[in-house]
file my_file-v8.cif (mmCIF, C-alpha atoms)
data_my_file
loop_
_atom_site.label_atom_id
_atom_site.label_comp_id
_atom_site.auth_asym_id
_atom_site.auth_seq_id
_atom_site.Cartn_x
_atom_site.Cartn_y
_atom_site.Cartn_z
CA MET A 1 42.06 11.78 -11.64
CA THR A 2 41.91 15.10 -13.45
CA GLU A 3 39.77 18.02 -12.33
CA GLN A 4 37.38 17.40 -15.22
CA GLU A 5 37.02 13.72 -14.30
CA VAL A 6 36.27 14.57 -10.68
CA PHE A 7 33.78 17.23 -11.79
CA ASP A 8 32.03 14.79 -14.13
CA LYS A 9 31.67 12.18 -11.39
CA ILE A 10 30.32 14.72 -8.90
CA ALA A 11 27.98 16.16 -11.54
CA GLY A 12 26.65 12.63 -12.09
CA LEU A 13 25.95 12.25 -8.37
CA ILE A 14 24.12 15.59 -8.26
CA GLU A 15 22.09 14.74 -11.35
CA ASP A 16 20.92 11.53 -9.69
CA HIS A 17 20.43 12.86 -6.21
CA PHE A 18 18.82 16.23 -6.85
CA GLN A 19 17.33 15.52 -10.30
CA THR A 20 19.25 18.53 -11.63
CA PRO A 21 19.72 18.78 -15.42
CA ALA A 22 23.37 18.30 -16.39
CA ASP A 23 23.59 21.70 -18.12
CA LYS A 24 22.70 23.49 -14.86
CA ILE A 25 25.60 21.94 -12.93
CA THR A 26 28.55 24.32 -12.67
CA ASN A 27 31.29 24.86 -10.11
CA ASP A 28 29.32 27.78 -8.65
CA LEU A 29 26.19 25.72 -7.96
CA ASN A 30 25.43 26.03 -4.24
CA PHE A 31 23.88 23.01 -2.52
CA LYS A 32 21.74 24.93 -0.05
CA LYS A 33 20.86 28.03 -2.07
CA ASP A 34 20.46 26.57 -5.55
CA LEU A 35 19.48 22.97 -4.86
CA ASP A 36 17.45 23.64 -1.72
CA ALA A 37 19.45 20.91 0.06
CA ASP A 38 18.45 20.32 3.68
CA SER A 39 20.55 18.69 6.39
CA ILE A 40 19.52 15.18 5.27
CA ASP A 41 20.40 15.88 1.62
CA THR A 42 23.76 17.25 2.73
CA VAL A 43 24.70 14.17 4.76
CA GLU A 44 23.44 11.85 1.99
CA PHE A 45 25.57 13.71 -0.53
CA VAL A 46 28.69 13.56 1.65
CA LEU A 47 28.16 9.82 2.12
CA GLU A 48 27.85 9.40 -1.65
CA LEU A 49 31.07 11.36 -2.12
CA GLU A 50 32.79 9.05 0.39
CA ASP A 51 31.51 5.94 -1.39
CA THR A 52 32.41 7.25 -4.84
CA PHE A 53 35.93 8.39 -4.03
CA GLY A 54 36.70 5.84 -1.32
CA ALA A 55 37.67 8.34 1.36
CA GLU A 56 36.28 9.52 4.68
CA ILE A 57 35.30 13.16 4.91
CA PRO A 58 35.44 14.46 8.50
CA ASP A 59 32.38 16.47 9.65
CA GLU A 60 34.52 19.62 10.06
CA ASP A 61 35.51 19.42 6.40
CA ALA A 62 32.03 18.47 5.19
CA GLU A 63 30.67 21.67 6.74
CA HIS A 64 32.79 23.73 4.35
CA ILE A 65 31.57 22.05 1.18
CA ASP A 66 28.98 24.59 0.00
CA THR A 67 29.33 24.45 -3.78
CA VAL A 68 30.12 21.91 -6.49
CA GLY A 69 33.52 23.61 -6.88
CA ASP A 70 34.23 23.11 -3.15
CA ALA A 71 33.48 19.39 -3.51
CA VAL A 72 35.71 19.07 -6.61
CA GLN A 73 38.62 20.87 -4.91
CA TYR A 74 38.21 18.80 -1.75
CA VAL A 75 38.43 15.55 -3.71
CA LEU A 76 41.43 16.80 -5.74
CA ASN A 77 43.28 17.88 -2.60
CA HIS A 78 42.71 14.56 -0.87
CA GLN A 79 43.41 12.24 -3.79
CA LYS A 80 45.77 9.40 -3.04
CA LYS A 81 48.95 10.22 -4.90
CA MET B 1 11.76 -13.17 2.18
CA LYS B 2 14.79 -12.41 4.30
CA ILE B 3 14.64 -10.32 7.47
CA ALA B 4 17.83 -8.69 8.79
CA VAL B 5 17.91 -8.57 12.57
CA ASP B 6 20.23 -6.44 14.67
CA ALA B 7 20.70 -9.04 17.41
CA MET B 8 22.75 -6.80 19.70
CA GLY B 9 20.49 -3.72 20.09
CA GLY B 10 18.41 -3.25 23.24
CA ASP B 11 18.71 -3.71 26.99
CA HIS B 12 18.13 -7.48 27.01
CA ALA B 13 19.87 -8.40 23.76
CA PRO B 14 20.63 -10.81 22.37
CA GLU B 15 18.49 -13.11 24.60
CA VAL B 16 15.03 -11.62 23.93
CA VAL B 17 15.86 -11.07 20.26
CA ILE B 18 16.74 -14.72 19.66
CA GLN B 19 13.72 -15.98 21.62
CA GLY B 20 11.32 -13.72 19.74
CA VAL B 21 12.81 -14.49 16.32
CA GLU B 22 12.73 -18.25 16.91
CA ARG B 23 9.11 -18.17 18.04
CA ALA B 24 8.07 -16.12 14.99
CA ARG B 25 10.17 -18.33 12.69
CA ASN B 26 8.28 -21.39 13.93
CA GLU B 27 4.98 -19.85 12.84
CA LEU B 28 5.98 -18.11 9.62
CA PRO B 29 6.14 -19.87 6.23
CA GLU B 30 9.38 -21.61 5.27
CA SER B 31 10.07 -18.90 2.72
CA VAL B 32 10.86 -16.47 5.55
CA THR B 33 14.52 -16.59 6.60
CA PHE B 34 16.54 -14.52 9.05
CA THR B 35 20.04 -13.13 9.24
CA LEU B 36 21.15 -12.27 12.76
CA TYR B 37 23.90 -9.65 13.01
CA GLY B 38 25.96 -9.71 16.17
CA ASP B 39 28.46 -11.50 18.37
CA GLU B 40 28.26 -15.18 17.39
CA THR B 41 29.81 -16.31 20.66
CA LYS B 42 26.85 -14.78 22.49
CA ILE B 43 24.14 -15.59 19.93
CA ARG B 44 25.00 -19.23 19.11
CA PRO B 45 24.51 -20.66 22.63
CA LEU B 46 21.05 -19.06 22.83
CA ILE B 47 19.72 -20.64 19.65
CA GLN B 48 17.59 -23.73 20.22
CA ASP B 49 17.10 -24.58 16.54
CA ASP B 50 19.06 -22.84 13.81
CA THR B 51 16.66 -23.66 10.97
CA ARG B 52 16.40 -20.66 8.60
CA LEU B 53 18.71 -18.62 10.83
CA THR B 54 22.08 -17.35 9.60
CA ILE B 55 24.50 -15.50 11.84
CA VAL B 56 26.78 -12.77 10.53
CA HIS B 57 29.42 -12.34 13.19
CA THR B 58 30.47 -8.88 14.33
CA THR B 59 31.55 -7.56 17.70
CA GLU B 60 31.03 -3.90 16.92
CA LYS B 61 27.73 -2.31 18.00
CA VAL B 62 26.11 1.10 18.11
CA GLU B 63 25.90 2.31 21.71
CA SER B 64 22.99 4.42 22.96
CA THR B 65 25.51 7.14 23.82
CA ASP B 66 26.90 7.31 20.26
CA GLU B 67 26.03 10.33 18.12
CA PRO B 68 23.67 8.71 15.57
CA VAL B 69 24.98 9.96 12.22
CA ARG B 70 28.61 9.64 13.25
CA ALA B 71 27.96 6.11 14.53
CA ILE B 72 26.48 4.84 11.28
CA ARG B 73 29.21 6.54 9.25
CA ARG B 74 32.14 5.34 11.32
CA LYS B 75 31.04 2.03 12.84
CA LYS B 76 30.70 0.28 9.52
CA GLN B 77 30.86 -3.19 11.11
CA ALA B 78 28.23 -2.49 13.78
CA SER B 79 25.37 -5.01 13.89
CA MET B 80 22.75 -2.35 13.11
CA VAL B 81 24.79 -0.91 10.23
CA LEU B 82 25.41 -4.34 8.67
CA ALA B 83 21.70 -5.17 8.94
CA ALA B 84 20.79 -1.92 7.16
CA GLN B 85 23.49 -2.52 4.53
CA ALA B 86 21.96 -5.93 3.79
CA VAL B 87 18.71 -4.19 2.88
CA LYS B 88 20.50 -1.60 0.77
CA SER B 89 22.32 -4.28 -1.22
CA GLY B 90 19.12 -6.26 -1.74
CA GLU B 91 20.22 -9.23 0.38
CA ALA B 92 17.43 -8.58 2.89
CA ASP B 93 13.90 -7.17 2.65
CA ALA B 94 13.55 -5.47 6.03
CA VAL B 95 15.44 -4.55 9.23
CA ILE B 96 14.52 -4.96 12.87
CA SER B 97 16.42 -3.39 15.75
CA LEU B 98 15.90 -2.73 19.45
CA GLY B 99 18.88 -0.37 19.47
CA SER B 100 19.17 3.43 19.56
CA THR B 101 16.22 5.12 17.83
CA GLY B 102 18.40 7.97 16.54
CA ALA B 103 20.97 5.61 15.06
CA LEU B 104 18.29 3.45 13.45
CA LEU B 105 16.71 6.57 11.95
CA ALA B 106 20.13 7.57 10.59
CA ALA B 107 20.75 4.05 9.27
CA GLY B 108 17.31 4.10 7.65
CA LEU B 109 17.84 7.50 6.06
CA PHE B 110 21.43 7.19 4.95
CA ILE B 111 21.83 3.47 4.29
CA VAL B 112 18.40 2.08 3.36
CA GLY B 113 17.38 5.43 1.82
CA ARG B 114 14.16 7.34 1.34
CA ILE B 115 11.30 6.64 -1.04
CA PRO B 116 11.69 9.12 -3.94
CA GLY B 117 9.60 12.19 -3.13
CA ILE B 118 9.51 11.61 0.63
CA ASP B 119 11.46 14.39 2.33
CA ARG B 120 11.17 13.27 5.91
CA PRO B 121 10.30 9.74 6.97
CA GLY B 122 8.10 9.55 10.07
CA LEU B 123 8.19 7.25 13.07
CA ALA B 124 4.90 5.38 13.41
CA PRO B 125 4.06 3.34 16.53
CA THR B 126 0.72 1.65 17.11
CA LEU B 127 -0.91 2.82 20.33
CA PRO B 128 -3.69 1.20 22.35
CA THR B 129 -7.36 2.16 22.37
CA VAL B 130 -10.13 1.15 24.79
CA ASP B 131 -11.69 -1.15 22.18
CA GLY B 132 -8.38 -3.02 21.84
CA LYS B 133 -8.01 -2.21 18.14
CA GLY B 134 -5.29 0.43 18.50
CA PHE B 135 -4.33 3.33 16.24
CA ILE B 136 -1.25 4.45 14.33
CA MET B 137 0.28 7.84 15.02
CA LEU B 138 3.01 9.52 12.99
CA ASP B 139 5.38 11.29 13.23
CA VAL B 140 6.19 10.80 16.92
CA GLY B 141 9.64 12.34 16.82
CA ALA B 142 11.78 11.43 13.83
CA ASN B 143 11.61 15.16 13.00
CA ALA B 144 11.61 18.29 15.12
CA GLU B 145 9.52 20.16 12.58
CA ASN B 146 7.48 19.29 9.52
CA ARG B 147 5.90 21.01 6.54
CA ALA B 148 2.27 20.49 5.49
CA VAL B 149 3.18 18.40 2.45
CA GLN B 150 5.13 16.02 4.70
CA LEU B 151 2.08 15.54 6.94
CA VAL B 152 0.07 14.63 3.85
CA GLN B 153 2.71 12.03 2.98
CA TYR B 154 2.33 10.61 6.51
CA ALA B 155 -1.42 10.34 5.96
CA VAL B 156 -0.95 8.36 2.74
CA MET B 157 1.71 6.03 4.15
CA GLY B 158 -0.22 5.55 7.41
CA ASN B 159 -3.30 4.70 5.36
CA PHE B 160 -1.54 1.87 3.48
CA TYR B 161 0.03 0.64 6.70
CA ALA B 162 -3.29 0.55 8.60
CA HIS B 163 -4.95 -1.14 5.64
CA ASP B 164 -2.32 -3.88 5.32
CA LEU B 165 -1.36 -4.45 8.94
CA ARG B 166 -4.61 -3.83 10.78
CA GLY B 167 -6.86 -5.12 8.06
CA LEU B 168 -8.92 -1.94 7.74
CA GLU B 169 -10.66 -1.40 4.42
CA LYS B 170 -10.88 2.39 4.74
CA PRO B 171 -8.80 3.55 7.72
CA ARG B 172 -10.08 6.77 9.30
CA VAL B 173 -7.29 9.32 8.88
CA ALA B 174 -7.30 12.37 11.16
CA LEU B 175 -5.11 15.36 11.89
CA LEU B 176 -4.10 15.94 15.51
CA ASN B 177 -5.08 19.52 16.31
CA ASN B 178 -6.15 21.83 19.12
CA GLY B 179 -9.82 21.70 18.17
CA SER B 180 -12.10 19.74 15.90
CA GLU B 181 -13.24 22.55 13.59
CA ALA B 182 -11.56 22.94 10.20
CA ASN B 183 -10.18 26.41 10.96
CA LYS B 184 -8.40 25.34 14.16
CA GLY B 185 -4.67 25.37 14.70
CA ASP B 186 -1.69 27.34 13.44
CA ASP B 187 -0.81 27.93 9.78
CA LEU B 188 0.79 24.48 9.45
CA HIS B 189 -2.34 22.69 10.66
CA GLN B 190 -4.77 24.82 8.68
CA GLU B 191 -2.78 24.28 5.50
CA THR B 192 -2.46 20.55 6.20
CA TYR B 193 -6.20 20.28 6.76
CA LYS B 194 -6.92 21.77 3.32
CA LEU B 195 -4.37 19.51 1.63
CA LEU B 196 -5.71 16.39 3.36
CA GLU B 197 -9.26 17.21 2.27
CA ALA B 198 -8.03 17.24 -1.34
CA THR B 199 -5.83 14.12 -1.07
CA PRO B 200 -7.14 11.24 -3.19
CA GLY B 201 -7.27 7.71 -1.83
CA ILE B 202 -7.57 8.44 1.89
CA ASN B 203 -10.58 8.62 4.20
CA PHE B 204 -9.86 11.95 5.93
CA ILE B 205 -12.29 12.50 8.82
CA GLY B 206 -10.99 15.90 9.98
CA ASN B 207 -9.24 17.05 13.14
CA VAL B 208 -8.99 15.09 16.36
CA GLU B 209 -7.99 16.34 19.79
CA ALA B 210 -5.49 14.51 21.97
CA ASP B 211 -8.06 13.60 24.64
CA SER B 212 -10.00 11.33 22.26
CA LEU B 213 -7.05 9.37 20.85
CA LEU B 214 -7.21 6.42 23.26
CA GLN B 215 -10.95 6.20 22.74
CA GLY B 216 -10.32 5.23 19.14
CA ALA B 217 -11.30 8.50 17.44
CA ALA B 218 -9.20 7.61 14.37
CA ASP B 219 -7.16 4.75 12.91
CA VAL B 220 -4.31 6.92 11.59
CA VAL B 221 -3.40 10.09 13.46
CA VAL B 222 -1.19 12.49 11.54
CA THR B 223 0.95 15.00 13.39
CA ASP B 224 4.25 16.85 13.17
CA GLY B 225 7.17 15.21 14.98
CA PHE B 226 7.33 17.78 17.77
CA THR B 227 3.65 17.58 18.71
CA GLY B 228 3.57 13.81 18.15
CA ASN B 229 6.48 13.26 20.50
CA ALA B 230 4.99 15.47 23.21
CA THR B 231 1.63 13.69 22.86
CA LEU B 232 3.20 10.23 23.01
CA LYS B 233 5.17 11.11 26.14
CA ALA B 234 2.08 12.63 27.78
CA ILE B 235 0.11 9.43 27.11
CA GLU B 236 2.91 7.19 28.44
CA GLY B 237 3.49 9.39 31.48
CA THR B 238 -0.19 9.63 32.37
CA ALA B 239 -0.67 5.87 32.09
CA LYS B 240 2.33 5.16 34.34
CA THR B 241 1.25 7.75 36.90
CA ILE B 242 -2.31 6.47 37.13
CA LEU B 243 -1.14 2.88 37.56
CA ARG B 244 1.21 3.98 40.33
CA LEU B 245 -1.56 5.95 42.06
CA VAL B 246 -3.95 2.99 41.91
CA LYS B 247 -1.29 0.69 43.33
CA HIS B 248 -0.52 3.10 46.18
CA ALA B 249 -4.22 3.60 46.91
CA ILE B 250 -4.65 -0.15 47.33
CA MET B 251 -1.44 -0.87 49.24
CA ASP B 252 -1.68 2.12 51.60
CA SER B 253 -5.30 1.68 52.67
CA GLY B 254 -5.03 -1.19 55.10
CA VAL B 255 -6.75 -4.56 55.06
CA LYS B 256 -10.01 -3.24 53.58
CA GLY B 257 -8.21 -1.60 50.66
CA LYS B 258 -6.12 -4.68 49.98
CA LEU B 259 -9.20 -6.84 50.07
CA GLY B 260 -10.87 -4.45 47.60
CA GLY B 261 -7.76 -4.62 45.43
CA LEU B 262 -7.92 -8.40 45.46
CA LEU B 263 -11.54 -8.31 44.34
CA LEU B 264 -10.66 -5.91 41.56
CA LYS B 265 -7.60 -7.88 40.45
CA GLY B 266 -9.35 -9.51 37.50
CA GLY B 267 -10.69 -6.20 36.23
CA ILE B 268 -7.33 -4.46 36.62
CA LYS B 269 -5.64 -7.27 34.73
CA GLU B 270 -8.14 -6.80 31.90
CA ILE B 271 -7.26 -3.09 31.74
CA ALA B 272 -3.57 -3.96 31.68
CA LYS B 273 -4.24 -6.40 28.85
CA THR B 274 -6.09 -3.77 26.82
CA PHE B 275 -3.14 -1.41 27.17
CA ASP B 276 -0.43 -4.02 26.67
CA VAL B 277 1.33 -2.68 23.61
CA SER B 278 3.65 -5.66 23.02
CA SER B 279 1.17 -7.23 20.58
CA TYR B 280 1.42 -4.11 18.43
CA GLY B 281 5.11 -4.82 17.74
CA GLY B 282 7.53 -1.99 17.04
CA ALA B 283 7.42 1.50 15.56
CA VAL B 284 7.92 1.62 11.80
CA LEU B 285 9.92 4.28 9.99
CA LEU B 286 7.54 5.02 7.16
CA GLY B 287 9.04 6.72 4.11
CA LEU B 288 12.03 4.44 3.61
CA ARG B 289 12.63 2.07 0.71
CA ALA B 290 12.10 -0.97 2.93
CA PRO B 291 10.51 -1.65 6.32
CA VAL B 292 12.80 -0.48 9.12
CA VAL B 293 11.23 -1.26 12.47
CA LYS B 294 12.30 -0.20 15.93
CA ALA B 295 11.14 -2.16 18.93
CA HIS B 296 11.51 -0.63 22.40
CA GLY B 297 14.98 -0.90 23.96
CA ASN B 298 13.56 -2.79 26.93
CA ALA B 299 11.23 -4.94 24.82
CA ASP B 300 10.72 -8.56 25.82
CA ALA B 301 10.68 -11.67 23.62
CA ASP B 302 6.92 -11.27 23.07
CA THR B 303 7.38 -7.81 21.57
CA VAL B 304 10.20 -9.10 19.34
CA TYR B 305 7.92 -11.95 18.21
CA TYR B 306 5.13 -9.52 17.27
CA THR B 307 7.61 -7.15 15.63
CA VAL B 308 8.92 -9.94 13.39
CA LYS B 309 5.36 -10.90 12.40
CA GLN B 310 4.59 -7.22 11.72
CA VAL B 311 7.64 -6.85 9.46
CA ALA B 312 6.86 -10.09 7.63
CA ALA B 313 3.32 -8.81 7.01
CA MET B 314 4.67 -5.52 5.62
CA VAL B 315 6.97 -7.33 3.20
CA GLU B 316 4.25 -9.84 2.26
CA ASN B 317 1.70 -7.08 1.57
CA GLN B 318 4.26 -4.90 -0.24
CA THR B 319 3.17 -2.00 1.95
CA VAL B 320 6.21 0.12 1.07
CA GLN B 321 5.80 -0.52 -2.66
CA LYS B 322 2.20 0.73 -2.45
CA SER B 323 3.45 4.07 -1.11
CA VAL B 324 6.15 4.21 -3.79
CA ALA B 325 3.54 3.63 -6.51
CA TYR B 326 1.20 6.22 -4.99
CA PHE B 327 3.83 8.96 -4.85
CA ASP B 328 5.00 8.07 -8.32
CA ALA B 329 1.47 8.50 -9.66
CA HIS B 330 0.73 11.64 -7.62
CA GLN B 331 3.84 13.73 -8.13
CA PRO B 332 3.59 17.40 -7.19
CA ASP B 333 3.31 19.80 -10.13
#

call {"tool": "encode", "arguments": {"input": "my_file-v8.cif", "output": "structure tokens"}}
result
Amino acid sequence: MTEQEVFDKIAGLIEDHFQTPADKITNDLNFKKDLDADSIDTVEFVLELEDTFGAEIPDEDAEHIDTVGDAVQYVLNHQKK
Amino acid sequence: MKIAVDAMGGDHAPEVVIQGVERARNELPESVTFTLYGDETKIRPLIQDDTRLTIVHTTEKVESTDEPVRAIRRKKQASMVLAAQAVKSGEADAVISLGSTGALLAAGLFIVGRIPGIDRPGLAPTLPTVDGKGFIMLDVGANAENRAVQLVQYAVMGNFYAHDLRGLEKPRVALLNNGSEANKGDDLHQETYKLLEATPGINFIGNVEADSLLQGAADVVVTDGFTGNATLKAIEGTAKTILRLVKHAIMDSGVKGKLGGLLLKGGIKEIAKTFDVSSYGGAVLLGLRAPVVKAHGNADADTVYYTVKQVAAMVENQTVQKSVAYFDAHQPD
């Protein structure tokens, strides 16, 4: 999957989950600061990432996903070759 | 209607679960069916009649010592997780479990999912009152802290629940506070009071204090999770302590005391009956897309029976859908 494809999928999840307009979703968008995500939103989003990309994200890694860009890079780095 | 049952949760599972489900099944319409999730080798021998019962075999289960969120994420074949998944996928309409409250809350939040617009679902048990009618209190501990708007959501959901399950036309909704006047309490409670006064569709009667709860001061008592949990524990602890003191007073006071105790036996039994909470079923997690109900870990078959009937009534009355429609029509600006 290319970076753009991963970004598009994640943007789709964010659009659905946080009701964020597509044009506001950039790599710099911060879940807590910009989307007002609380601990429940964060876990829900990580679970959606796991379901979408078919991988398990350990809690230690999930803690470091602060922005859309972090999520995209995480998925790219853990893609099955 | 299909009810998903976590057959392995609780101290006396699966025995009490199967007994309670079978008894409820015998009384409920034929349209109500059950899926039991758990170890078939343990469940099958306990079933007397498998009409309208399906078993989904799994040996994995959530333990009370498991960290809740981790358990529901990693134990994907656990009986509680499979039961919640059945609701998510639309195979079942509701979930019942006697297992870990934290794990069931996590399964409710992250598998069944929240009603759009509800930030924090609340745990709502029905507690006894002296007139035997009982009252609903929420949140009693699903959250450590709440915002005013969340307490208003509890009031609305509690209102529908009391209407549908307790048959009250206009349930009296009150805010648990440290005084009855409108200006009592901290910022959270003062703000909540104002919002509740302006909330359409509920019969808000003002503040109530904790000492009047068991006297039936309100039908729906709204509180933040921290206060609600402390209040619930205080009620449970006081009741247990008084019963123990009465027992000791009778047993330690010689023949005369025992004779007095014997004479009072009928009356004491009546009190026990008034405060027997098994007929109130389990605590509901209000704010989720489907009924998720937690019965006490040490519940008996009677409690399971009432919990099943309670869940069936919620599905039948579309109690959750009423909240969904309300919040859809009353979205914040």

call {"tool": "closest_residue", "arguments": {"input": "my_file-v8.cif", "among": "B:Asn143, B:Asn229, B:Thr303, B:Asn317", "to": "chain A", "atoms": "only C-alpha atoms"}}
result
B:Asn143

call {"tool": "residues_around", "arguments": {"input": "my_file-v8.cif", "residues": "Ser212 in chain B", "least_positions_apart": "5", "cutoff": "12 Å", "atoms": "only C-alpha atoms", "output": "list in words"}}
result
Pro128, Thr129, Val130, Phe135, Ala174, Leu176, Asn177, Asn178, Gly179, Ser180, Asn207, Ala217, Ala218, Asp219, Val221, Thr231 and Ile235 of chain B

call {"tool": "closest_atom_pairs", "arguments": {"input": "my_file-v8.cif", "of": "chain B", "to": "chain A", "cutoff": "12 Å", "atoms": "all atoms listed in the file", "output": "CSV"}}
result
residue,atom,partner,partner_atom,distance
B:Val69,CA,A:Val43,CA,8.6
B:Arg70,CA,A:Asp59,CA,8.6
B:Ile72,CA,A:Leu47,CA,10.6
B:Arg73,CA,A:Leu47,CA,7.9
B:Arg74,CA,A:Glu56,CA,8.9
B:Lys76,CA,A:Glu56,CA,11.8
B:Leu105,CA,A:Ile40,CA,11.3
B:Ala106,CA,A:Ile40,CA,9.3
B:Ala107,CA,A:Glu44,CA,11.0
B:Gly108,CA,A:Glu44,CA,11.4
B:Leu109,CA,A:Ile40,CA,7.9
B:Phe110,CA,A:Glu44,CA,5.9
B:Ile111,CA,A:Glu44,CA,8.8
B:Val112,CA,A:Glu44,CA,11.1
B:Gly113,CA,A:Glu44,CA,8.8
B:Arg114,CA,A:Ile40,CA,10.3
B:Pro116,CA,A:His17,CA,9.8
B:Gly117,CA,A:Phe18,CA,10.7
B:Ile118,CA,A:Ile40,CA,11.6
B:Asp119,CA,A:Ile40,CA,8.6
B:Arg120,CA,A:Ile40,CA,8.6
B:Pro121,CA,A:Ile40,CA,10.8
B:Asn143,CA,A:Ile40,CA,11.1

call {"tool": "resolve_selection", "arguments": {"input": "my_file-v8.cif", "expression": "the PyMOL selection byres ((chain B and resi 95) around 6)", "output": "list in words"}}
result
Ala4, Val5, Ala94, Ile96 and Val292 of chain B

call {"tool": "residues_around", "arguments": {"input": "my_file-v8.cif", "residues": "Phe18 in chain A", "least_positions_apart": "3", "cutoff": "12 Å", "atoms": "all atoms listed in the file", "output": "list of chain:residue names"}}
result
A:Ile10, A:Ala11, A:Gly12, A:Leu13, A:Ile14, A:Glu15, A:Pro21, A:Ala22, A:Lys24, A:Ile25, A:Phe31, A:Lys32, A:Asp34, A:Leu35, A:Asp36, A:Ala37, A:Asp38, A:Asp41, A:Thr42, A:Glu44, A:Phe45, B:Pro116, B:Gly117, B:Asp119

call {"tool": "resolve_selection", "arguments": {"input": "my_file-v8.cif", "expression": "the PyMOL selection byres ((chain B and resi 148) around 10)", "output": "PyMOL selection string"}}
result
chain B and resi 146-147+149-154+187-196+223-224

call {"tool": "atom_distance", "arguments": {"input": "my_file-v8.cif", "atom1": "CA of Gly20 in chain B", "atom2": "CA of Ile271 in chain B"}}
result
24.5 Å

call {"tool": "build_atoms", "arguments": {"input": "my_file-v8.cif", "residues": "range 22-34 of chain B", "atoms": "N, CA, C and O atoms", "output": "CSV table (one decimal), keeping the file's coordinate frame"}}
result
chain,number,residue,atom,x,y,z
B,22,GLU,N,13.0,-16.8,17.1
B,22,GLU,CA,12.7,-18.2,16.9
B,22,GLU,C,11.2,-18.6,17.0
B,22,GLU,O,10.7,-19.4,16.2
B,23,ARG,N,10.5,-17.9,17.9
B,23,ARG,CA,9.1,-18.2,18.0
B,23,ARG,C,8.4,-17.8,16.8
B,23,ARG,O,7.5,-18.5,16.3
B,24,ALA,N,8.7,-16.6,16.2
B,24,ALA,CA,8.1,-16.1,15.0
B,24,ALA,C,8.4,-17.0,13.8
B,24,ALA,O,7.6,-17.4,13.0
B,25,ARG,N,9.7,-17.4,13.8
B,25,ARG,CA,10.2,-18.3,12.7
B,25,ARG,C,9.3,-19.6,12.7
B,25,ARG,O,9.0,-20.1,11.6
B,26,ASN,N,9.0,-20.1,13.9
B,26,ASN,CA,8.3,-21.4,13.9
B,26,ASN,C,6.9,-21.3,13.3
B,26,ASN,O,6.3,-22.3,12.9
B,27,GLU,N,6.3,-20.0,13.3
B,27,GLU,CA,5.0,-19.8,12.8
B,27,GLU,C,4.9,-19.3,11.4
B,27,GLU,O,3.9,-19.5,10.8
B,28,LEU,N,6.0,-18.7,11.0
B,28,LEU,CA,6.0,-18.1,9.6
B,28,LEU,C,6.3,-19.2,8.6
B,28,LEU,O,6.9,-20.2,8.9
B,29,PRO,N,5.9,-18.9,7.3
B,29,PRO,CA,6.1,-19.9,6.2
B,29,PRO,C,7.6,-20.1,6.0
B,29,PRO,O,8.5,-19.3,6.4
B,30,GLU,N,8.0,-21.2,5.4
B,30,GLU,CA,9.4,-21.6,5.3
B,30,GLU,C,10.1,-20.7,4.4
B,30,GLU,O,11.4,-20.6,4.4
B,31,SER,N,9.4,-19.9,3.6
B,31,SER,CA,10.1,-18.9,2.7
B,31,SER,C,10.7,-17.7,3.5
B,31,SER,O,11.5,-17.0,2.9
B,32,VAL,N,10.3,-17.6,4.8
B,32,VAL,CA,10.9,-16.5,5.6
B,32,VAL,C,12.1,-16.9,6.3
B,32,VAL,O,12.1,-17.9,7.1
B,33,THR,N,13.3,-16.3,6.0
B,33,THR,CA,14.5,-16.6,6.6
B,33,THR,C,15.1,-15.4,7.3
B,33,THR,O,14.6,-14.2,7.1
B,34,PHE,N,16.0,-15.6,8.2
B,34,PHE,CA,16.5,-14.5,9.0
B,34,PHE,C,18.1,-14.5,9.0
B,34,PHE,O,18.7,-15.5,9.0
